[in-house]
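Chemist: As input, take final31.txt (compact mmCIF, C-alpha atoms):
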# COMPACT_ATOMS: atom_id res chain seq x y z
CA MET A 1 -11.76 18.76 49.48
CA ARG A 2 -9.92 15.43 49.08
CA HIS A 3 -8.17 15.16 52.45
CA ARG A 4 -5.97 12.03 52.58
CA ARG A 5 -7.75 10.44 49.61
CA ASN A 6 -5.16 9.05 47.23
CA THR A 7 -7.48 6.94 45.11
CA ARG A 8 -8.46 8.25 41.68
CA ARG A 9 -12.18 8.40 40.93
CA LEU A 10 -11.74 7.81 37.14
CA SER A 11 -15.14 9.50 36.52
CA ARG A 12 -17.01 6.51 38.05
CA ASN A 13 -18.79 5.60 41.24
CA THR A 14 -17.31 3.01 43.65
CA PRO A 15 -18.79 -0.24 42.18
CA GLY A 16 -18.06 0.90 38.60
CA ARG A 17 -14.46 1.79 39.50
CA LYS A 18 -13.90 -1.60 41.20
CA ALA A 19 -15.29 -3.48 38.19
CA LEU A 20 -13.03 -1.49 35.84
CA LEU A 21 -9.89 -2.23 37.85
CA ARG A 22 -10.75 -5.93 38.11
CA SER A 23 -11.16 -6.20 34.34
CA LEU A 24 -7.81 -4.44 33.83
CA ILE A 25 -6.06 -6.84 36.23
CA ARG A 26 -7.60 -9.88 34.52
CA SER A 27 -6.50 -8.75 31.08
CA LEU A 28 -3.02 -7.96 32.46
CA LEU A 29 -2.62 -11.47 33.87
CA ILE A 30 -3.85 -13.04 30.61
CA SER A 31 -1.80 -11.06 28.07
CA GLU A 32 0.88 -9.66 30.48
CA ARG A 33 0.81 -6.33 28.58
CA ILE A 34 -2.11 -3.92 28.09
CA SER A 35 -2.64 -0.40 26.73
CA THR A 36 -4.89 2.05 28.58
CA THR A 37 -4.97 5.62 29.84
CA HIS A 38 -2.21 6.81 32.16
CA ALA A 39 -4.54 7.36 35.15
CA LYS A 40 -6.08 3.88 34.83
CA ALA A 41 -2.64 2.29 34.44
CA LYS A 42 -1.38 3.92 37.65
CA GLU A 43 -4.40 2.78 39.64
CA ALA A 44 -4.29 -0.75 38.17
CA SER A 45 -0.55 -1.18 38.78
CA SER A 46 -0.94 -0.80 42.57
CA LEU A 47 -3.74 -3.40 42.60
CA ALA A 48 -1.69 -5.75 40.37
CA ASP A 49 1.24 -5.56 42.83
CA ARG A 50 -1.09 -6.52 45.69
CA VAL A 51 -2.46 -9.51 43.73
CA ILE A 52 1.03 -10.77 42.82
CA THR A 53 2.07 -10.44 46.49
CA LEU A 54 -0.86 -12.70 47.40
CA GLY A 55 0.38 -15.17 44.80
CA LYS A 56 3.86 -15.20 46.34
CA ARG A 57 2.47 -16.04 49.80
CA ASN A 58 0.65 -19.10 48.40
CA THR A 59 -1.63 -19.73 51.39
CA ILE A 60 -5.31 -20.64 51.61
CA THR A 61 -6.18 -17.15 52.87
CA SER A 62 -4.30 -15.46 50.03
CA LYS A 63 -6.04 -17.72 47.49
CA LYS A 64 -9.47 -16.79 48.86
CA THR A 65 -8.58 -13.09 48.74
CA ALA A 66 -7.31 -13.43 45.14
CA ILE A 67 -10.49 -15.28 44.09
CA SER A 68 -12.59 -12.43 45.52
CA ILE A 69 -10.63 -9.97 43.35
CA LEU A 70 -10.22 -11.97 40.12
CA GLY A 71 -13.25 -14.25 40.29
CA SER A 72 -11.76 -16.94 38.02
CA LYS A 73 -10.13 -20.24 38.98
CA GLN A 74 -8.13 -20.40 35.74
CA LEU A 75 -6.50 -17.03 36.49
CA ILE A 76 -5.84 -18.12 40.07
CA ASN A 77 -3.99 -21.21 38.81
CA LYS A 78 -1.96 -19.08 36.40
CA LEU A 79 -1.19 -16.51 39.10
CA PHE A 80 -0.03 -19.02 41.76
CA GLY A 81 1.61 -21.50 39.38
CA ASP A 82 3.19 -19.38 36.64
CA ILE A 83 3.32 -15.62 37.33
CA ALA A 84 4.09 -15.46 41.05
CA PRO A 85 7.15 -17.82 40.92
CA ARG A 86 8.85 -15.41 38.49
CA PHE A 87 9.00 -12.71 41.20
CA VAL A 88 10.48 -14.80 44.02
CA ASN A 89 13.70 -12.78 44.02
CA ARG A 90 11.88 -9.41 43.72
CA LYS A 91 10.59 -7.49 46.72
CA GLY A 92 8.44 -5.14 44.68
CA GLY A 93 8.02 -3.41 41.34
CA TYR A 94 6.15 -6.21 39.63
CA THR A 95 4.70 -3.88 36.97
CA ARG A 96 5.96 -0.93 34.95
CA ILE A 97 4.34 1.85 32.92
CA PHE A 98 5.48 3.31 29.58
CA GLN A 99 3.93 6.56 28.39
CA LEU A 100 2.57 6.80 24.84
CA ALA A 101 1.39 9.59 22.58
CA PRO A 102 -1.94 11.19 23.53
CA ARG A 103 -5.13 9.74 22.10
CA LYS A 104 -6.36 11.38 18.88
CA GLY A 105 -10.00 11.67 19.88
CA ASP A 106 -9.87 13.51 23.21
CA GLY A 107 -6.11 13.98 23.79
CA ALA A 108 -6.03 11.69 26.84
CA LYS A 109 -2.63 10.49 28.03
CA MET A 110 -2.06 6.87 27.01
CA ALA A 111 0.29 4.32 28.56
CA ILE A 112 1.34 0.66 28.44
CA LEU A 113 1.09 -1.41 31.61
CA GLU A 114 3.10 -4.65 31.64
CA LEU A 115 4.74 -7.15 33.95
CA THR A 116 8.46 -6.68 34.53
CA GLU A 117 9.05 -10.45 34.23
CA ARG A 118 6.94 -11.38 31.25
CA ARG A 119 7.34 -14.06 28.61
CA ILE A 120 8.02 -12.79 25.10
CA ILE A 121 6.34 -15.00 22.51
CA GLU A 122 8.25 -15.06 19.25
CA LYS A 123 6.12 -14.57 16.17
CA PRO A 124 6.40 -17.13 13.36
CA THR A 125 8.43 -16.10 10.35
CA THR A 126 6.36 -14.63 7.56
CA LYS A 127 6.17 -16.41 4.25
CA LYS A 128 8.11 -15.03 1.32
CA PRO A 129 6.05 -13.21 -1.31
CA GLU A 130 5.44 -14.89 -4.66
CA LYS A 131 7.55 -12.34 -6.55
CA GLN A 132 10.62 -13.12 -4.41
CA LYS A 133 10.05 -16.86 -4.87
CA LYS A 134 9.96 -16.47 -8.66
CA GLU A 135 13.20 -14.44 -8.66
CA GLU A 136 14.95 -17.07 -6.54
CA ALA A 137 13.69 -19.84 -8.83
CA LEU A 138 15.04 -18.03 -11.90
CA LYS A 139 18.45 -17.59 -10.24
CA SER A 140 18.62 -21.26 -9.32
CA GLU A 141 17.97 -22.38 -12.91
CA VAL A 142 20.94 -23.82 -14.87
CA PRO A 143 22.10 -21.38 -17.62
CA PRO A 144 21.95 -22.66 -21.22
CA LYS A 145 25.10 -24.24 -22.64
CA THR A 146 24.87 -23.19 -26.30
CA GLY A 147 25.82 -19.67 -27.32
CA GLU A 148 22.83 -19.26 -29.61
CA SER A 149 20.29 -19.71 -26.82
CA GLU A 150 22.19 -17.13 -24.68
CA ARG A 151 22.05 -14.66 -27.53
CA LYS A 152 18.30 -15.16 -27.90
CA ILE A 153 17.77 -14.54 -24.18
CA LYS A 154 19.82 -11.33 -24.31
CA GLU A 155 17.90 -10.08 -27.34
CA ALA A 156 14.60 -10.80 -25.61
CA LYS A 157 15.70 -8.83 -22.53
CA LYS A 158 16.78 -5.82 -24.59
CA GLU A 159 14.36 -2.93 -24.40
CA PRO A 160 13.29 -1.15 -27.62
CA PRO A 161 15.08 2.18 -28.30
CA LYS A 162 13.33 5.19 -26.79
CA ARG A 163 11.95 7.79 -29.23
CA ASP A 164 12.94 11.43 -28.96
CA ILE A 165 9.77 13.28 -27.93
CA SER A 166 11.02 16.71 -29.09
CA LYS A 167 11.11 15.63 -32.77
CA PRO A 168 7.84 15.20 -34.72
CA ILE A 169 6.95 11.76 -36.08
CA SER A 170 7.37 11.34 -39.84
CA LYS A 171 4.83 9.56 -42.05
CA GLU A 172 7.15 6.62 -42.50
CA GLU A 173 7.56 6.12 -38.74
CA ARG A 174 3.84 6.29 -38.08
CA PRO A 175 2.30 2.87 -37.55
CA ALA A 176 -0.13 1.75 -40.22
CA PRO A 177 -3.78 1.75 -39.13
CA PRO A 178 -5.26 -1.70 -38.60
CA LYS A 179 -7.10 -3.12 -41.57
CA PRO A 180 -10.80 -3.76 -41.05
CA ALA A 181 -11.84 -7.36 -40.96
CA PRO A 182 -13.46 -8.59 -44.19
CA MET A 183 -17.23 -8.82 -44.12
CA PRO A 184 -18.73 -12.28 -44.60
CA PRO A 185 -20.21 -12.80 -48.08
CA LYS A 186 -23.96 -12.40 -48.33
CA GLU A 187 -26.01 -15.38 -49.28
CA ARG A 188 -27.28 -15.07 -52.82
CA VAL A 189 -30.74 -16.33 -53.69
CA ASP A 190 -31.32 -17.70 -57.13
CA GLU A 191 -34.37 -15.85 -58.38
CA GLU A 192 -36.82 -17.04 -60.94
CA ARG A 193 -39.37 -14.78 -62.51
CA ASP A 194 -42.75 -15.77 -63.87
CA LYS A 195 -44.59 -14.25 -66.82
CA GLY A 196 -45.76 -11.24 -64.76
CA GLY A 197 -42.14 -10.46 -63.74
CA ARG A 198 -42.50 -11.43 -60.10
CA ALA A 199 -39.45 -13.04 -58.51
CA LYS A 200 -39.62 -16.52 -57.02
CA THR A 201 -37.35 -18.03 -54.39
CA GLU A 202 -36.06 -21.60 -54.31
CA LYS A 203 -39.07 -22.71 -52.26
CA GLY A 204 -41.41 -21.45 -54.97
CA LYS A 205 -42.93 -18.60 -52.96
CA TYR A 206 -43.21 -15.09 -54.38
CA LYS A 207 -41.10 -12.31 -52.93
CA ARG A 208 -43.38 -10.00 -51.06
CA GLN A 209 -42.59 -6.37 -51.65
CA PHE A 210 -43.40 -3.46 -49.34
CA PHE A 211 -46.16 -1.78 -51.35
CA THR A 212 -47.95 -4.96 -52.45
CA GLY A 213 -49.52 -5.35 -49.01
CA LEU A 214 -50.86 -1.77 -49.03
CA LYS A 215 -52.98 -2.18 -52.16
CA ARG A 216 -56.00 -3.40 -50.25
CA TYR A 217 -56.16 -0.18 -48.23
CA PHE A 218 -56.34 1.97 -51.35
CA ARG A 219 -58.96 -0.03 -53.28
CA ARG A 220 -62.01 1.84 -54.47
CA LYS A 221 -65.00 0.96 -52.39
CA THR A 222 -68.13 -0.14 -54.29
CA ILE A 223 -71.39 1.53 -53.36
Please lay out the structure from this file as structure tokens.
Modeler:
Amino acid sequence: MRHRRNTRRLSRNTPGRKALLRSLIRSLLISERISTTHAKAKEASSLADRVITLGKRNTITSKKTAISILGSKQLINKLFGDIAPRFVNRKGGYTRIFQLAPRKGDGAKMAILELTERRIIEKPTTKKPEKQKKEEALKSEVPPKTGESERKIKEAKKEPPKRDISKPISKEERPAPPKPAPMPPKERVDEERDKGGRAKTEKGKYKRQFFTGLKRYFRRKTI
């Protein structure tokens, strides 16, 4: 039985639990707002209040104790020089917890742990999309002076009339099929024939036909 034991085990042994809480406190001092489970946030908030109280004292003993917990000189300088002076007028309640929706994987309760006096960093304004820039550029353009150019612009913006789908399309309304592209003319070869009737090309060579090369295979062999 857990008689007079208020600490949460967090499913870890003592050194693992201490290392977890130290890492949570470090990340809280760096970003001033973290998201974790509700049980871890409750346990880390009590330790964070103790660390900030050490920062408010600002003595050599408190600095040594804070170094043993945080283990980083940069965080010590931030704690004693930036974070602790914000809570001079507060006697407690340096952190707060906001509950979130349960985690999808295992349904664990989630929460946000943050400092009550934290600095809100404003995000830079996002750039306008290209579509919005084009529309603004078109609006800023000077309209044409002549009436003819205005009429041309209006005619270009007009959409073609929509066809009634219920009625069938007549032959006259059907678009004509595209004409095939004309074939390039074939090169004609001026043929000359000799006495035997064989055709000659311009270079003077005979046209070789398909069956002329097969004659040698069908010759009668002499015994």
Chemist: So which residues touch A:Ser45 within 8 Å, counting all atoms listed in the file, skipping near sequence neighbours fewer than 4 positions away, as a PyMOL selection string?
Modeler: chain A and resi 41+49+95-96+113
Chemist: In Å, rounded to a single decimal, give me how far atom CA of A:Arg118 is from atom CA of A:Ala84.
Modeler: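 Rounded to one decimal, the two atoms are 11.0 Å apart.
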Chemist: Taking 3 positions as the minimum chain separation for residues in the same chain, which residues sit within 10 Å of A:Gly92 when counting only C-alpha atoms? Answer as a PyMOL selection string.
Modeler: chain A and resi 49-50+52-53+87-89+95
Chemist: Just checking: using all atoms listed in the file, which residue out of A:Asp82, A:Glu136, A:Glu114, A:Glu155 ends up closest to A:Thr36?
Modeler: A:Glu114
Chemist: As an exercise, work out the distance from atom CA of A:Ile153 to atom CA of A:Gln132 in Å and give it to one decimal place.
Modeler: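 These atoms are spaced 21.1 Å apart.
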Chemist: Step by step: start from the point (4.1, 0.7, 37.2) in the file's coordinates, keep every protein, DNA or RNA residue that has an atom no farther than 12 Å from it, count only C-alpha atoms, and write the set as a PyMOL selection string.
Modeler: chain A and resi 33-34+38-49+92-99+111-116
Chemist: If I take atom CA of A:Arg9 and atom CA of A:Ser35, how far is one from the other in Å, to one decimal?
Modeler: 19.2 Å
Chemist: When distances are computed from only C-alpha atoms, which of A:Thr37, A:Glu172, A:Lys78, A:Gly71 shows the smallest separation from A:Asp106?
Modeler: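 Going through A:Thr37, A:Glu172, A:Lys78, A:Gly71 one by one, the smallest distance to A:Asp106 is for A:Thr37.
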Chemist: For A:Ile67, find every residue with an atom within 12 Å (counting only C-alpha atoms), except residues of its own chain fewer than 3 positions away, and show them as a PyMOL selection string.
Modeler: chain A and resi 22+26+51+54-55+60-64+70-77+79-80
